[in-house]
>>> print(open('input-v2.txt').read())   # compact mmCIF, C-alpha atoms
# COMPACT_ATOMS: atom_id res chain seq x y z
CA MET A 1102 92.78 -65.41 -81.61
CA VAL A 1103 94.57 -66.81 -78.60
CA SER A 1104 92.48 -66.42 -75.46
CA THR A 1105 92.52 -68.86 -72.56
CA ASN A 1106 89.06 -67.57 -71.59
CA TYR A 1107 86.19 -68.05 -74.04
CA ALA A 1108 82.52 -68.98 -74.18
CA PRO A 1109 80.68 -70.53 -72.41
CA GLU A 1110 82.47 -68.46 -69.75
CA HIS A 1111 80.23 -65.50 -68.99
CA ALA A 1112 82.43 -63.32 -66.77
CA GLY A 1113 85.74 -61.53 -67.11
CA ILE A 1114 87.36 -61.32 -70.54
CA GLY A 1115 85.67 -64.42 -71.96
CA PRO A 1116 82.62 -62.52 -73.28
CA TYR A 1117 84.85 -59.97 -75.02
CA ALA A 1118 86.96 -62.63 -76.71
CA THR A 1119 83.79 -64.42 -77.77
CA GLN A 1120 82.09 -61.35 -79.18
CA ILE A 1121 85.19 -60.38 -81.17
CA ALA A 1122 85.59 -63.84 -82.69
CA GLU A 1123 81.89 -64.21 -83.47
CA HIS A 1124 81.88 -60.75 -85.02
CA TRP A 1125 84.73 -61.74 -87.33
CA ALA A 1126 82.93 -64.92 -88.32
CA GLU A 1127 79.69 -63.04 -88.92
CA ILE A 1128 81.32 -60.62 -91.38
CA GLY A 1129 82.82 -63.51 -93.33
CA HIS A 1130 86.28 -64.16 -91.90
CA GLU A 1131 87.47 -67.70 -91.21
CA THR A 1132 88.03 -67.43 -87.48
CA HIS A 1133 89.95 -69.77 -85.18
CA VAL A 1134 90.44 -69.47 -81.42
CA LEU A 1135 93.05 -71.27 -79.33
CA ALA A 1136 91.41 -71.46 -75.90
CA GLY A 1137 91.52 -73.29 -72.60
CA MET A 1138 88.86 -75.40 -70.97
CA PRO A 1139 86.00 -73.33 -69.50
CA HIS A 1140 86.75 -72.77 -65.81
CA TYR A 1141 86.24 -69.09 -64.90
CA PRO A 1142 85.16 -67.59 -62.52
CA ALA A 1143 84.60 -70.78 -60.47
CA TRP A 1144 88.18 -71.95 -61.10
CA SER A 1145 86.75 -75.39 -61.73
CA VAL A 1146 86.49 -77.01 -65.15
CA GLU A 1147 82.88 -77.13 -66.31
CA PRO A 1148 81.41 -80.65 -66.09
CA GLU A 1149 81.06 -81.30 -69.82
CA TYR A 1150 84.77 -80.57 -70.35
CA LYS A 1151 86.19 -82.51 -67.40
CA GLY A 1152 88.67 -85.16 -68.48
CA ALA A 1153 89.04 -83.71 -71.98
CA LEU A 1154 92.64 -83.31 -73.12
CA ARG A 1155 91.94 -81.56 -76.42
CA ARG A 1156 88.75 -80.60 -78.15
CA THR A 1157 87.84 -78.81 -81.37
CA GLU A 1158 84.33 -77.43 -81.62
CA GLN A 1159 82.24 -75.05 -83.68
CA ARG A 1160 80.55 -72.17 -81.86
CA ALA A 1161 78.60 -69.56 -83.85
CA GLY A 1162 80.77 -70.02 -86.92
CA VAL A 1163 84.06 -69.96 -84.96
CA THR A 1164 86.41 -72.94 -84.78
CA VAL A 1165 87.54 -73.26 -81.16
CA HIS A 1166 90.63 -75.36 -80.41
CA ARG A 1167 90.71 -76.19 -76.69
CA ARG A 1168 93.72 -77.45 -74.77
CA ALA A 1169 93.61 -78.78 -71.20
CA HIS A 1170 95.55 -77.05 -68.42
CA THR A 1171 95.75 -77.03 -64.66
CA VAL A 1172 93.02 -75.15 -62.77
CA PRO A 1173 94.09 -73.99 -59.30
CA PRO A 1174 91.09 -73.74 -56.95
CA ARG A 1175 93.15 -71.53 -54.64
CA GLN A 1176 95.47 -68.81 -55.89
CA THR A 1177 99.15 -68.79 -54.95
CA ALA A 1178 102.13 -67.72 -57.02
CA VAL A 1179 103.24 -71.32 -57.52
CA ARG A 1180 99.80 -72.52 -58.57
CA ARG A 1181 99.36 -69.59 -60.93
CA ALA A 1182 102.75 -70.38 -62.47
CA LEU A 1183 101.70 -74.00 -62.99
CA PHE A 1184 98.46 -72.79 -64.59
CA GLU A 1185 100.33 -70.54 -67.03
CA GLY A 1186 103.01 -73.16 -67.65
CA SER A 1187 100.49 -75.85 -68.53
CA ILE A 1188 98.77 -73.51 -71.00
CA LEU A 1189 102.09 -72.67 -72.62
CA LEU A 1190 103.32 -76.26 -72.77
CA HIS A 1191 100.13 -77.77 -74.17
CA GLY A 1192 99.65 -74.97 -76.68
CA ALA A 1193 103.25 -75.29 -77.84
CA VAL A 1194 103.26 -79.07 -78.31
CA ALA A 1195 99.78 -79.16 -79.84
CA PRO A 1196 99.13 -75.91 -81.75
CA PRO A 1197 95.85 -75.64 -83.65
CA ARG A 1198 95.76 -77.46 -86.96
CA MET A 1199 94.56 -74.78 -89.33
CA PRO A 1200 95.59 -72.81 -92.42
CA LYS A 1201 98.07 -69.96 -92.08
CA PRO A 1202 96.15 -66.98 -90.68
CA ASP A 1203 96.42 -63.36 -91.82
CA ALA A 1204 96.91 -62.07 -88.28
CA ILE A 1205 96.84 -63.20 -84.65
CA LEU A 1206 95.18 -61.34 -81.80
CA ALA A 1207 95.86 -62.36 -78.20
CA GLN A 1208 93.86 -61.51 -75.10
CA MET A 1209 96.21 -60.91 -72.16
CA PRO A 1210 95.98 -62.35 -69.64
CA SER A 1211 96.91 -65.09 -69.77
CA LEU A 1212 100.64 -64.56 -70.01
CA ALA A 1213 101.06 -67.94 -71.66
CA GLY A 1214 98.48 -66.99 -74.26
CA GLY A 1215 100.49 -63.91 -75.17
CA VAL A 1216 103.71 -65.89 -75.46
CA LEU A 1217 101.99 -68.58 -77.54
CA ALA A 1218 100.48 -65.99 -79.84
CA ALA A 1219 103.84 -64.29 -80.32
CA ARG A 1220 105.51 -67.62 -81.16
CA LEU A 1221 102.76 -68.65 -83.58
CA ALA A 1222 102.92 -65.28 -85.32
CA ALA A 1223 106.69 -65.61 -85.70
CA LYS A 1224 106.29 -69.12 -87.09
CA TRP A 1225 103.69 -68.00 -89.64
CA LYS A 1226 105.33 -64.58 -90.20
CA VAL A 1227 102.07 -62.68 -89.70
CA PRO A 1228 101.16 -59.59 -87.64
CA TYR A 1229 100.60 -60.19 -83.95
CA VAL A 1230 98.43 -57.91 -81.81
CA PRO A 1231 97.97 -58.46 -78.05
CA VAL A 1232 95.16 -56.67 -76.23
CA VAL A 1233 96.11 -56.02 -72.60
CA GLN A 1234 93.09 -56.59 -70.36
CA ASP A 1235 95.13 -56.94 -67.16
CA LEU A 1236 98.80 -56.42 -66.40
CA MET A 1237 99.82 -59.63 -64.71
CA GLY A 1238 103.15 -58.45 -63.38
CA ALA A 1239 101.50 -55.51 -61.66
CA ALA A 1240 98.62 -57.75 -60.61
CA ALA A 1241 100.92 -60.16 -58.83
CA ALA A 1242 102.56 -57.27 -56.98
CA GLN A 1243 99.31 -55.46 -56.11
CA SER A 1244 96.73 -58.17 -55.49
CA GLY A 1245 98.10 -59.73 -52.31
CA ILE A 1246 98.67 -63.20 -53.80
CA SER A 1247 101.01 -65.43 -51.79
CA GLY A 1248 104.52 -65.18 -53.27
CA GLY A 1249 103.51 -62.14 -55.28
CA ASP A 1250 106.93 -60.43 -55.37
CA LYS A 1251 108.65 -63.31 -57.13
CA ALA A 1252 105.62 -63.89 -59.33
CA ALA A 1253 105.62 -60.21 -60.33
CA ALA A 1254 109.21 -60.39 -61.55
CA PHE A 1255 108.55 -63.54 -63.59
CA ALA A 1256 105.28 -62.24 -64.98
CA GLY A 1257 106.89 -58.94 -65.92
CA ARG A 1258 109.53 -60.73 -67.98
CA ALA A 1259 106.90 -62.85 -69.75
CA GLU A 1260 104.77 -59.76 -70.47
CA ALA A 1261 107.79 -57.90 -71.85
CA TYR A 1262 108.53 -60.85 -74.14
CA ALA A 1263 104.96 -61.05 -75.42
CA LEU A 1264 104.46 -57.31 -75.85
CA GLY A 1265 107.90 -56.60 -77.28
CA ARG A 1266 107.20 -58.84 -80.28
CA ALA A 1267 103.88 -57.24 -81.16
CA THR A 1268 103.11 -55.34 -84.31
CA LEU A 1269 100.73 -53.15 -82.31
CA VAL A 1270 99.62 -53.34 -78.68
CA GLY A 1271 96.06 -52.61 -77.59
CA VAL A 1272 95.36 -51.51 -74.02
CA ILE A 1273 91.89 -51.20 -72.51
CA HIS A 1274 92.74 -48.19 -70.37
CA GLU A 1275 95.17 -45.28 -70.55
CA THR A 1276 96.54 -46.05 -67.08
CA PHE A 1277 98.21 -49.14 -68.57
CA VAL A 1278 100.30 -47.16 -71.06
CA ASP A 1279 103.21 -46.16 -68.83
CA ARG A 1280 103.76 -49.72 -67.63
CA VAL A 1281 103.64 -51.07 -71.18
CA VAL A 1282 106.14 -48.42 -72.29
CA GLY A 1283 108.26 -49.42 -69.29
CA MET A 1284 108.46 -52.92 -70.76
CA GLY A 1285 110.17 -51.52 -73.85
CA VAL A 1286 107.19 -50.99 -76.13
CA ASP A 1287 107.39 -47.91 -78.36
CA PRO A 1288 104.51 -45.58 -77.41
CA LYS A 1289 103.80 -45.15 -81.12
CA ARG A 1290 102.77 -48.81 -81.26
CA ILE A 1291 100.20 -48.57 -78.43
CA ARG A 1292 96.51 -48.09 -79.18
CA LEU A 1293 93.63 -47.51 -76.76
CA VAL A 1294 90.83 -50.05 -77.26
CA PRO A 1295 88.40 -49.75 -74.32
CA ASN A 1296 86.07 -52.60 -73.49
CA TRP A 1297 82.39 -52.16 -74.22
CA SER A 1298 79.15 -53.13 -72.51
CA HIS A 1299 78.59 -56.71 -73.58
CA VAL A 1300 75.19 -57.13 -71.93
CA PRO A 1301 71.79 -55.80 -73.08
CA GLN A 1302 69.73 -53.30 -71.14
CA PRO A 1303 67.33 -54.64 -68.47
CA THR A 1304 63.86 -55.56 -69.68
CA LYS A 1305 61.81 -56.54 -66.60
CA PRO A 1306 60.32 -54.19 -64.00
CA ARG A 1307 62.63 -53.89 -60.99
CA GLY A 1308 59.87 -54.84 -58.57
CA GLU A 1309 59.18 -58.08 -60.38
CA THR A 1310 62.82 -59.15 -60.22
CA ARG A 1311 63.13 -58.14 -56.57
CA ARG A 1312 60.09 -60.24 -55.65
CA HIS A 1313 61.59 -63.21 -57.51
CA LEU A 1314 64.85 -62.79 -55.57
CA GLY A 1315 63.15 -62.26 -52.22
CA TRP A 1316 64.36 -58.68 -51.81
CA ALA A 1317 61.86 -56.65 -49.77
CA PRO A 1318 60.53 -53.48 -51.45
CA GLY A 1319 61.79 -51.12 -48.73
CA GLN A 1320 65.13 -52.81 -48.09
CA THR A 1321 68.33 -51.30 -49.46
CA VAL A 1322 70.20 -53.93 -51.50
CA VAL A 1323 73.88 -53.58 -52.34
CA LEU A 1324 75.00 -56.01 -55.05
CA HIS A 1325 78.49 -57.04 -56.09
CA SER A 1326 78.63 -59.16 -59.23
CA GLY A 1327 81.57 -61.01 -60.74
CA ASN A 1328 84.79 -62.64 -59.74
CA MET A 1329 85.48 -63.24 -56.06
CA GLY A 1330 89.26 -63.09 -56.15
CA LEU A 1331 92.05 -61.62 -54.06
CA LYS A 1332 92.33 -58.26 -55.79
CA GLN A 1333 88.62 -57.51 -55.24
CA GLY A 1334 89.07 -57.24 -51.47
CA LEU A 1335 85.46 -58.26 -50.90
CA ASP A 1336 85.90 -58.51 -47.15
CA VAL A 1337 85.11 -54.77 -47.13
CA LEU A 1338 81.52 -55.68 -48.02
CA VAL A 1339 81.38 -58.22 -45.21
CA GLY A 1340 82.61 -55.51 -42.85
CA ALA A 1341 79.99 -53.04 -44.08
CA ALA A 1342 77.23 -55.64 -43.68
CA ARG A 1343 78.24 -56.18 -40.05
CA LEU A 1344 77.80 -52.46 -39.39
CA ASP A 1345 74.16 -52.26 -40.49
CA PRO A 1346 71.89 -55.33 -40.36
CA GLN A 1347 69.13 -53.35 -42.13
CA VAL A 1348 71.09 -53.15 -45.40
CA ARG A 1349 71.21 -56.30 -47.48
CA PHE A 1350 74.51 -57.14 -49.19
CA VAL A 1351 74.58 -59.68 -52.01
CA LEU A 1352 77.70 -61.20 -53.58
CA MET A 1353 76.76 -62.82 -56.89
CA GLY A 1354 79.35 -64.86 -58.72
CA ASP A 1355 82.18 -67.24 -58.03
CA GLY A 1356 85.92 -67.28 -57.65
CA SER A 1357 88.90 -68.44 -55.66
CA GLN A 1358 87.82 -66.54 -52.51
CA ARG A 1359 84.18 -67.64 -52.47
CA ALA A 1360 84.64 -70.27 -49.77
CA ALA A 1361 86.70 -67.93 -47.60
CA LEU A 1362 84.07 -65.21 -47.91
CA ALA A 1363 81.32 -67.67 -47.01
CA GLU A 1364 83.23 -68.63 -43.88
CA LEU A 1365 83.96 -65.00 -42.99
CA SER A 1366 80.30 -64.01 -43.34
CA ALA A 1367 78.74 -67.09 -41.75
CA ASP A 1368 77.48 -65.01 -38.82
CA VAL A 1369 76.26 -62.09 -40.98
CA PRO A 1370 72.56 -62.75 -41.74
CA ASN A 1371 72.18 -59.73 -44.03
CA LEU A 1372 74.86 -60.91 -46.47
CA ASP A 1373 74.02 -63.47 -49.17
CA ILE A 1374 76.38 -65.26 -51.53
CA ILE A 1375 74.56 -66.47 -54.64
CA PRO A 1376 75.67 -68.22 -57.83
CA PRO A 1377 76.31 -66.33 -61.07
CA ALA A 1378 73.13 -65.36 -62.87
CA ALA A 1379 72.12 -66.91 -66.16
CA ASP A 1380 72.93 -64.62 -69.08
CA GLY A 1381 69.26 -63.86 -69.70
CA GLU A 1382 68.64 -62.84 -66.07
CA PHE A 1383 71.88 -60.96 -65.43
CA PRO A 1384 70.90 -57.45 -66.61
CA ASP A 1385 67.60 -57.54 -64.72
CA ILE A 1386 69.26 -58.64 -61.47
CA LEU A 1387 71.78 -55.81 -61.70
CA ALA A 1388 68.97 -53.33 -62.30
CA ALA A 1389 66.96 -54.68 -59.34
CA ALA A 1390 69.66 -53.69 -56.83
CA ASP A 1391 69.68 -50.27 -55.21
CA VAL A 1392 73.46 -49.91 -55.34
CA LEU A 1393 76.11 -51.75 -57.39
CA ALA A 1394 79.45 -52.15 -55.64
CA VAL A 1395 82.92 -52.42 -57.12
CA THR A 1396 85.76 -53.03 -54.69
CA GLN A 1397 89.52 -53.37 -54.93
CA HIS A 1398 92.43 -53.52 -52.52
CA ALA A 1399 94.07 -50.16 -51.93
CA ALA A 1400 97.23 -51.37 -53.71
CA VAL A 1401 95.40 -52.02 -56.99
CA LEU A 1402 96.17 -49.00 -59.16
CA ASP A 1403 97.24 -49.53 -62.75
CA MET A 1404 96.90 -53.23 -63.45
CA SER A 1405 93.17 -53.81 -63.85
CA VAL A 1406 89.90 -52.09 -64.72
CA PRO A 1407 87.03 -54.47 -63.86
CA SER A 1408 84.98 -55.54 -66.84
CA LYS A 1409 81.91 -55.51 -64.57
CA LEU A 1410 81.82 -51.72 -64.77
CA THR A 1411 80.49 -51.71 -68.33
CA SER A 1412 77.64 -54.00 -67.22
CA TYR A 1413 76.99 -51.88 -64.14
CA PHE A 1414 76.67 -48.72 -66.23
CA GLN A 1415 74.22 -50.43 -68.58
CA ALA A 1416 72.02 -51.47 -65.63
CA GLY A 1417 71.13 -47.90 -64.76
CA ARG A 1418 71.82 -48.12 -61.01
CA PRO A 1419 74.30 -45.99 -59.01
CA VAL A 1420 77.77 -47.41 -58.43
CA VAL A 1421 79.73 -47.15 -55.20
CA ALA A 1422 83.41 -47.74 -55.90
CA SER A 1423 85.61 -48.69 -52.96
CA VAL A 1424 88.87 -48.22 -54.88
CA ALA A 1425 92.06 -46.16 -54.91
CA ALA A 1426 91.24 -42.66 -56.16
CA GLU A 1427 94.28 -42.54 -58.43
CA GLY A 1428 93.56 -45.85 -60.21
CA GLY A 1429 91.91 -46.61 -63.52
CA THR A 1430 88.71 -47.93 -61.96
CA ALA A 1431 88.13 -44.65 -60.15
CA GLN A 1432 88.77 -42.75 -63.38
CA GLU A 1433 86.13 -44.78 -65.20
CA VAL A 1434 83.51 -44.26 -62.50
CA GLU A 1435 84.17 -40.52 -62.46
CA ARG A 1436 84.13 -40.36 -66.26
CA SER A 1437 80.75 -42.06 -66.39
CA GLY A 1438 79.11 -39.76 -63.88
CA ALA A 1439 77.24 -42.84 -62.65
CA GLY A 1440 78.72 -43.38 -59.23
CA VAL A 1441 80.61 -42.21 -56.17
CA LEU A 1442 84.07 -43.03 -54.86
CA VAL A 1443 84.94 -44.05 -51.31
CA PRO A 1444 88.32 -44.94 -49.82
CA PRO A 1445 89.26 -48.60 -50.36
CA GLU A 1446 89.22 -51.13 -47.51
CA ASP A 1447 86.98 -48.85 -45.42
CA PRO A 1448 83.65 -50.54 -44.56
CA ALA A 1449 82.30 -47.51 -42.69
CA ALA A 1450 82.95 -45.18 -45.64
CA LEU A 1451 81.28 -47.60 -48.03
CA LEU A 1452 78.23 -47.94 -45.79
CA LYS A 1453 77.99 -44.15 -45.38
CA ALA A 1454 77.85 -43.75 -49.18
CA VAL A 1455 75.19 -46.46 -49.45
CA ARG A 1456 73.06 -44.80 -46.79
CA ALA A 1457 73.38 -41.42 -48.48
CA LEU A 1458 72.08 -42.89 -51.74
CA ALA A 1459 69.24 -44.66 -49.91
CA GLU A 1460 68.21 -41.37 -48.28
CA ASP A 1461 68.21 -39.54 -51.62
CA PRO A 1462 66.39 -41.82 -54.09
CA GLU A 1463 66.04 -39.09 -56.69
CA GLY A 1464 69.76 -38.39 -56.59
CA ALA A 1465 70.51 -42.11 -56.74
CA ASP A 1466 68.26 -42.50 -59.77
CA ALA A 1467 69.95 -39.56 -61.47
CA LEU A 1468 73.38 -41.12 -60.92
CA GLY A 1469 72.16 -44.45 -62.22
CA ALA A 1470 70.58 -42.86 -65.30
CA ALA A 1471 73.97 -41.47 -66.32
CA GLY A 1472 75.29 -45.02 -66.83
CA PRO A 1473 73.31 -46.01 -69.95
CA VAL A 1474 73.94 -42.55 -71.43
CA HIS A 1475 77.69 -43.09 -70.98
CA VAL A 1476 77.43 -46.55 -72.53
CA ALA A 1477 75.55 -45.26 -75.58
CA ALA A 1478 78.08 -42.47 -76.10
CA HIS A 1479 81.33 -44.34 -75.46
CA LEU A 1480 80.92 -48.05 -74.67
CA SER A 1481 78.63 -49.52 -77.29
CA ARG A 1482 79.42 -52.96 -78.70
CA GLU A 1483 79.53 -51.55 -82.22
CA ALA A 1484 82.13 -48.95 -81.26
CA GLY A 1485 84.22 -51.46 -79.33
CA LEU A 1486 84.29 -54.00 -82.14
CA ALA A 1487 85.07 -51.26 -84.66
CA ARG A 1488 88.12 -50.29 -82.59
CA ILE A 1489 89.34 -53.90 -82.63
CA ASP A 1490 88.79 -54.13 -86.40
CA ALA A 1491 90.72 -50.89 -86.90
CA LEU A 1492 93.56 -52.25 -84.76
CA ILE A 1493 93.83 -55.39 -86.89
CA ASP A 1494 93.47 -53.45 -90.14
CA GLU A 1495 96.32 -51.15 -89.12
CA ALA A 1496 98.51 -54.11 -88.16
CA LEU A 1497 97.83 -55.77 -91.52
CA GLY A 1498 98.71 -52.56 -93.32
CA GLY A 1499 101.91 -51.96 -91.41
CA LEU A 1500 102.69 -49.19 -88.94
CA GLN A 1501 101.49 -45.78 -90.01
CA PRO A 1502 103.88 -42.80 -89.76
>>> encode(input="input-v2.txt", output="structure tokens")
Amino acid sequence: MVSTNYAPEHAGIGPYATQIAEHWAEIGHETHVLAGMPHYPAWSVEPEYKGALRRTEQRAGVTVHRRAHTVPPRQTAVRRALFEGSILLHGAVAPPRMPKPDAILAQMPSLAGGVLAARLAAKWKVPYVPVVQDLMGAAAAQSGISGGDKAAAFAGRAEAYALGRATLVGVIHETFVDRVVGMGVDPKRIRLVPNWSHVPQPTKPRGETRRHLGWAPGQTVVLHSGNMGLKQGLDVLVGAARLDPQVRFVLMGDGSQRAALAELSADVPNLDIIPPAADGEFPDILAAADVLAVTQHAAVLDMSVPSKLTSYFQAGRPVVASVAAEGGTAQEVERSGAGVLVPPEDPAALLKAVRALAEDPEGADALGAAGPVHVAAHLSREAGLARIDALIDEALGGLQP
């Protein structure tokens, strides 16, 4: 596997890459991962890896080959290009020393990881299967990153290169298919491999967790968990918090916009920014909130479906999605039956939905209860890993008619 993000990263695509690789190792496959240095979502290299140029380590039966790269604390097109370029350069000059594999799977993003995987597969003459978690060309155009237009054109060319050389292409959501086909990929080579819920169900009573966090029993708490980046448009939550001091808003996580959000909300006493939760506490904190928020800029349509949704559904609390109605995120919330949609970038609409849920606790509980049911039926870890195994098995056996 080639995946820039990998354990001990606990947010984004890292947990999925880790669970796939560890699953392969557990069922007896010799498994190698070419990865970066742990840095996400803080966009800062974790202390134990700082200064390391290359490192090979064993994690749960998986051999992880790490290569250093730049880590931009603030996202611009140029800095993102340097990030991708450093991954590509270091991976190309120092590929993993290992036996010839039977197949290579790449997690995209990063773009460089996809290109590296394609080149390694060509060198070894083995099947190559990228799984598209985000479309970086579309992301650059839709996320509001500085210099995004030029970055989108470059990223689109790199994606087309990486996807055009694939034996099969996995996509995590059907809204990605048209863009992948637009890059020249035969639709017959595209397979849908949705992400799964990679966290367990909550175990502690909600009241106990709320007391530990200092959340008052009668106070409505809206929680956003995960990456604090540009495409999330989290300023909508700051705006909603300003409108109602009685509702508590909590942003839990890290990311390139964390400092900017802290500055923006410095005069908003009912908004807290807290560090990412430890893995063991994460499900219980999600379940302790009254409402779980997912937000995106209005322009974000077909380039990303937040991995946080699978965790939200597992938590059993209602979701308020401030996202474009025609995008993949909205489709997933509607499909789950576990949340409500509001127009993106509209603090008043978001707050109105939160208040409606607070005034109807039975209805809110019913919405939340639909989440774990949806996970059990469609988003279990076993089903997700089985889809990945089937994807690799098909690639190893050649394209089916």
>>> closest_residue(input="input-v2.txt", among="A:Ala1400, A:Val1134, A:Ala1450, A:Val1434", to="Gln1120 in chain A", atoms="all atoms listed in the file")
A:Val1134
>>> residues_around(input="input-v2.txt", residues="Asn1371 in chain A", least_positions_apart="5", cutoff="8 Å", atoms="all atoms listed in the file", output="list in words")
Ala1342, Pro1346, Gln1347, Val1348, Arg1349 and Phe1350 of chain A
>>> closest_atom_pairs(input="input-v2.txt", of="range 1353-1448 of chain A", to="range 1453-1457 of chain A", cutoff="9 Å", atoms="all atoms listed in the file", output="tab-separated table")
residue	atom	partner	partner_atom	distance
A:Asp1391	CA	A:Val1455	CA	8.8
A:Val1392	CA	A:Val1455	CA	7.0
A:Val1421	CA	A:Ala1454	CA	7.2
A:Val1441	CA	A:Ala1454	CA	7.7
A:Leu1442	CA	A:Ala1454	CA	8.5
A:Val1443	CA	A:Ala1454	CA	7.4
A:Pro1448	CA	A:Lys1453	CA	8.6
>>> atom_distance(input="input-v2.txt", atom1="CA of Met1102 in chain A", atom2="CA of Leu1206 in chain A")
4.7 Å
>>> closest_residue(input="input-v2.txt", among="A:Gly1115, A:Gly1152, A:Pro1445, A:Pro1173", to="Pro1210 in chain A", atoms="only C-alpha atoms")
A:Gly1115
>>> residues_near_point(input="input-v2.txt", point="(74.9, -46.4, -70.5)", cutoff="10 Å", atoms="all atoms listed in the file", output="PyMOL selection string")
chain A and resi 1298+1302+1411-1417+1437+1439+1469-1481
>>> closest_residue(input="input-v2.txt", among="A:Ala1222, A:Pro1197, A:Asp1235, A:Pro1318", to="Met1209 in chain A", atoms="only C-alpha atoms")
A:Asp1235
>>> closest_residue(input="input-v2.txt", among="A:Ile1114, A:Leu1212, A:Leu1362, A:Leu1387", to="Ser1408 in chain A", atoms="only C-alpha atoms")
A:Ile1114
>>> atom_distance(input="input-v2.txt", atom1="CA of Val1233 in chain A", atom2="CA of Arg1181 in chain A")
18.2 Å
>>> residues_around(input="input-v2.txt", residues="Gly1429 in chain A", least_positions_apart="5", cutoff="12 Å", atoms="only C-alpha atoms", output="PyMOL selection string")
chain A and resi 1235+1273-1278+1295+1397+1401-1408+1410+1422+1424+1434-1436
>>> closest_residue(input="input-v2.txt", among="A:Thr1304, A:Ser1145, A:Asn1296, A:Thr1268", to="Ala1389 in chain A", atoms="all atoms listed in the file")
A:Thr1304
>>> closest_residue(input="input-v2.txt", among="A:Glu1149, A:Ala1361, A:Ile1121, A:Ala1112", to="Ala1378 in chain A", atoms="all atoms listed in the file")
A:Ala1112
>>> axis_aligned_box(input="input-v2.txt", around="range 1449-1454 of chain A", padding_each_side="8 Å", output="lines of an AutoDock Vina configuration file")
center_x = 80.4
center_y = -45.8
center_z = -45.9
size_x = 21.1
size_y = 20.2
size_z = 22.5
>>> atom_distance(input="input-v2.txt", atom1="CA of Val1165 in chain A", atom2="CA of Val1179 in chain A")
28.4 Å
>>> residues_around(input="input-v2.txt", residues="Gly1214 in chain A", least_positions_apart="4", cutoff="8 Å", atoms="all atoms listed in the file", output="PDB file with C-alpha atoms, in the coordinates of the input")
ATOM      1  CA  VAL A1103      94.570 -66.810 -78.600  1.00  0.00           C
ATOM      2  CA  SER A1104      92.480 -66.420 -75.460  1.00  0.00           C
ATOM      3  CA  THR A1105      92.520 -68.860 -72.560  1.00  0.00           C
ATOM      4  CA  ILE A1188      98.770 -73.510 -71.000  1.00  0.00           C
ATOM      5  CA  LEU A1189     102.090 -72.670 -72.620  1.00  0.00           C
ATOM      6  CA  ALA A1207      95.860 -62.360 -78.200  1.00  0.00           C
ATOM      7  CA  GLN A1208      93.860 -61.510 -75.100  1.00  0.00           C
ATOM      8  CA  MET A1209      96.210 -60.910 -72.160  1.00  0.00           C
ATOM      9  CA  PRO A1210      95.980 -62.350 -69.640  1.00  0.00           C
ATOM     10  CA  ALA A1218     100.480 -65.990 -79.840  1.00  0.00           C
TER      11      ALA A1218
END
>>> residues_around(input="input-v2.txt", residues="range 1283-1291 of chain A", least_positions_apart="5", cutoff="6 Å", atoms="only C-alpha atoms", output="list in words")
Ala1261, Gly1265, Leu1269, Val1270 and Gly1271 of chain A
>>> write_last_selection(input="input-v2.txt", atoms="C-alpha atoms", output="CSV table (one decimal), in the coordinates of the input")
chain,number,residue,atom,x,y,z
A,1261,ALA,CA,107.8,-57.9,-71.8
A,1265,GLY,CA,107.9,-56.6,-77.3
A,1269,LEU,CA,100.7,-53.2,-82.3
A,1270,VAL,CA,99.6,-53.3,-78.7
A,1271,GLY,CA,96.1,-52.6,-77.6
>>> residues_around(input="input-v2.txt", residues="Ala1169 in chain A", least_positions_apart="2", cutoff="10 Å", atoms="all atoms listed in the file", output="VMD selection string")
chain A and resid 1136 to 1139 1146 1150 to 1156 1167 1171 to 1172 1187 to 1188 1191 to 1192
